[in-house]
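> Sharing a structure, written as structure tokens. Questions coming.
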Amino acid sequence: MKIDAEKFKKIHGYEEAKGEALDRASMEKALSYKKEVLKNFTAIRQHDILSRFTGDQYWVTRKYDGEYAILFHDNGQTVTVNRSGRIRRGIPCIEEADALIRNSGIRQGIFPAEIYVDAAYKTRVNDLIHALAHESELDTLRLAVFDVLEIDGHPVRGGLQEKVARYRANFRSGNTLPAGGYVA
């Protein structure tokens with residue numbers, strides 16, 4: 001990931017930039033995940049699982065009403081990129097994700113996530129927009145990581161168990177990140 005730091009503008013207590021501040025390859029990864037993977041996600045109620053799916057293992061995450069964003073971490077720099085290409089850094093939950101990733105020994109990683117407002121405050125996407133516009137409310141934001149795409153330059157492939165293990169190893173102890181976003 002290459003970031004052009006000069007393209008960031010400080011607003012409301014964090015920094016934001018347009019897609020041109022991030023290298024093309026990273027931006028394409030962020031935008032293609034939405035098109036290629038998220039289209040396969042299905043919202044479903046717990047009591048409907050057995051009638052809609054077969055098998056004995058499911059990849060379940062809670063649906064947070066916020067904004068989809070890919071979390072990029074590269075050698076001490078951590079940003080989120082949303083589906084329209086807006087890049088953010090300096091928000092407390094992003095800074096916490098940075099610390100957790102660094103403490104786990106990862107130099108580079110790509111993690112799809114949802115940024116949202118803590119349910120103790122409010123949970124609608126409009127609440128997220130409001131919080132982003134008010135520096136005093138940035139600490140109400142949370143980051144729910146729901147997948148692991150790449151670690152230290154290597155795609156994380158394999159089965160559900162490997163992705164769950166990677167998630168829990170990197171994000172279990174966070175305060176602004178939900179503990180254990182997967183259920184198997």
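Just remember, in the structure tokens the first chain shown is A, the second B, etc., residues are 1-based per chain, and ligands are 1-based in the order shown.
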For stretch 26-52 of chain A against stretch 147-151 of chain A, with a cut-off of 12 Å and counting only C-alpha atoms, what is the closest atom pair and its distance in Å to one decimal for every residue that makes the cut, ordered by chain and number, as CSV?

residue,atom,partner,partner_atom,distance
A:Ser26,CA,A:Glu150,CA,11.5
A:Lys29,CA,A:Leu149,CA,9.5
A:Ala30,CA,A:Leu149,CA,10.4
A:Ser32,CA,A:Leu149,CA,12.0
A:Tyr33,CA,A:Leu149,CA,9.3
A:Val37,CA,A:Asp147,CA,10.5
A:Leu38,CA,A:Asp147,CA,10.7
> Between A:Ala133, A:Cys93, A:Ile101, A:Ile49, which residue has the minimum interatomic distance to A:Asp118, considering only C-alpha atoms?
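Ranked by minimum distance to A:Asp118, first place goes to A:Cys93.
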> In stretch 17-118 of chain A, what's alpha helix (DSSP H) per DSSP? Answer as a list of chain:residue names?
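Alpha helix (DSSP H) assignments inside stretch 17-118 of chain A correspond to A:Arg24, A:Ala25, A:Ser26, A:Met27, A:Glu28, A:Lys29, A:Ala30, A:Leu31, A:Ser32, A:Tyr33, A:Lys34, A:Lys35, A:Glu36, A:Ile49, A:Leu50, A:Ser51, A:Arg52, A:Pro92, A:Cys93, A:Ile94, A:Glu95, A:Glu96, A:Ala97, A:Asp98, A:Ala99, A:Leu100, A:Ile101, A:Arg102, A:Asn103.
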> With only C-alpha atoms as the basis for distance, which of A:Tyr14, A:Phe111, A:Phe72, A:Phe8 is at the shortest distance from A:Val145?
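When distances to A:Val145 are compared using only C-alpha atoms, the smallest one comes from A:Phe111.
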> Write out as a ChimeraX atom specification the set of residues from stretch 118-155 of chain A that DSSP, computed on the backbone, places in strand (DSSP E or B).
/A:141-145,150-151,154-155
> For A:Gly76, find every residue with an atom within 10 Å (counting only C-alpha atoms), except residues of its own chain fewer than 6 positions away, and show them as a list in words.
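Neighbouring residues, sequence-local ones excluded: Asp98, Ala99, Ile101, Arg102, Ile106, Arg107 and Gln108 of chain A.
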> Just C-alpha atoms for this one: save the residues we selected as a PDB file, in the first residue's frame.

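Output below, filename again.pdb:
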ATOM      1  CA  ASP A  98      -3.557  -0.544  13.880  1.00  0.00           C
ATOM      2  CA  ALA A  99      -2.234  -1.265  17.380  1.00  0.00           C
ATOM      3  CA  ILE A 101      -2.384  -5.659  14.112  1.00  0.00           C
ATOM      4  CA  ARG A 102       1.098  -4.336  14.957  1.00  0.00           C
ATOM      5  CA  ILE A 106       1.688  -8.463  11.146  1.00  0.00           C
ATOM      6  CA  ARG A 107       3.511  -6.016   8.874  1.00  0.00           C
ATOM      7  CA  GLN A 108       0.829  -5.855   6.185  1.00  0.00           C
TER       8      GLN A 108
END
> Would you mind reading off the distance between atom CA of A:Ala131 and atom CA of A:Val117, one decimal, in Å?
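Pair atom CA of A:Ala131 / atom CA of A:Val117 returns 7.6 Å.
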> What is the atom CA of A:Ala21-atom CA of A:Arg86 distance in Å, reported with one decimal?
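Calculated distance between atom CA of A:Ala21 and atom CA of A:Arg86 is 9.3 Å.
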> Would you mind telling me which residue in A:Leu141, A:Ala69, A:Leu100, A:Ile87 lies nearest to A:Ala119 when using only C-alpha atoms?
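Among the listed residues, the smallest separation from A:Ala119 belongs to A:Leu141.
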> Using Å and a single decimal, report how far atom CA of A:Ile115 sits from atom CA of A:Lys10.
18.9 Å
> Go through A:Glu135, A:Asp23, A:Glu6, A:Glu28 one by one, measure the shortest atom-to-atom distance of each to A:Pro92 using only C-alpha atoms, and give the residue with the smallest value.
A:Glu135
> Considering only C-alpha atoms, return as an mmCIF file with N, CA, C and O atoms, in the first residue's frame whatever protein or nucleic-acid residues lie within 9 Å of A:Leu31, sequence-local ones (same chain, fewer than 6 positions apart) excluded.

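New file selection-v4.cif:
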data_model
loop_
_atom_site.group_PDB
_atom_site.id
_atom_site.type_symbol
_atom_site.label_atom_id
_atom_site.label_comp_id
_atom_site.auth_asym_id
_atom_site.auth_seq_id
_atom_site.Cartn_x
_atom_site.Cartn_y
_atom_site.Cartn_z
ATOM 1 N N ILE A 70 -12.739 -1.363 3.656
ATOM 2 C CA ILE A 70 -11.608 -2.296 3.738
ATOM 3 C C ILE A 70 -10.549 -1.631 4.604
ATOM 4 O O ILE A 70 -10.203 -0.464 4.398
ATOM 5 N N VAL A 81 -10.848 2.193 3.483
ATOM 6 C CA VAL A 81 -11.277 2.665 2.168
ATOM 7 C C VAL A 81 -12.714 2.196 1.986
ATOM 8 O O VAL A 81 -12.990 0.998 2.066
ATOM 9 N N ASN A 82 -13.644 3.143 1.764
ATOM 10 C CA ASN A 82 -15.034 2.738 1.584
ATOM 11 C C ASN A 82 -15.319 2.448 0.113
ATOM 12 O O ASN A 82 -14.453 2.593 -0.747
ATOM 13 N N ARG A 83 -16.541 2.052 -0.196
ATOM 14 C CA ARG A 83 -16.869 1.607 -1.550
ATOM 15 C C ARG A 83 -16.811 2.711 -2.583
ATOM 16 O O ARG A 83 -16.701 2.460 -3.770
ATOM 17 N N SER A 84 -16.874 3.967 -2.147
ATOM 18 C CA SER A 84 -16.750 5.071 -3.100
ATOM 19 C C SER A 84 -15.307 5.558 -3.217
ATOM 20 O O SER A 84 -15.040 6.509 -3.941
ATOM 21 N N GLY A 85 -14.387 4.913 -2.505
ATOM 22 C CA GLY A 85 -12.983 5.274 -2.599
ATOM 23 C C GLY A 85 -12.517 6.304 -1.586
ATOM 24 O O GLY A 85 -11.381 6.753 -1.634
#
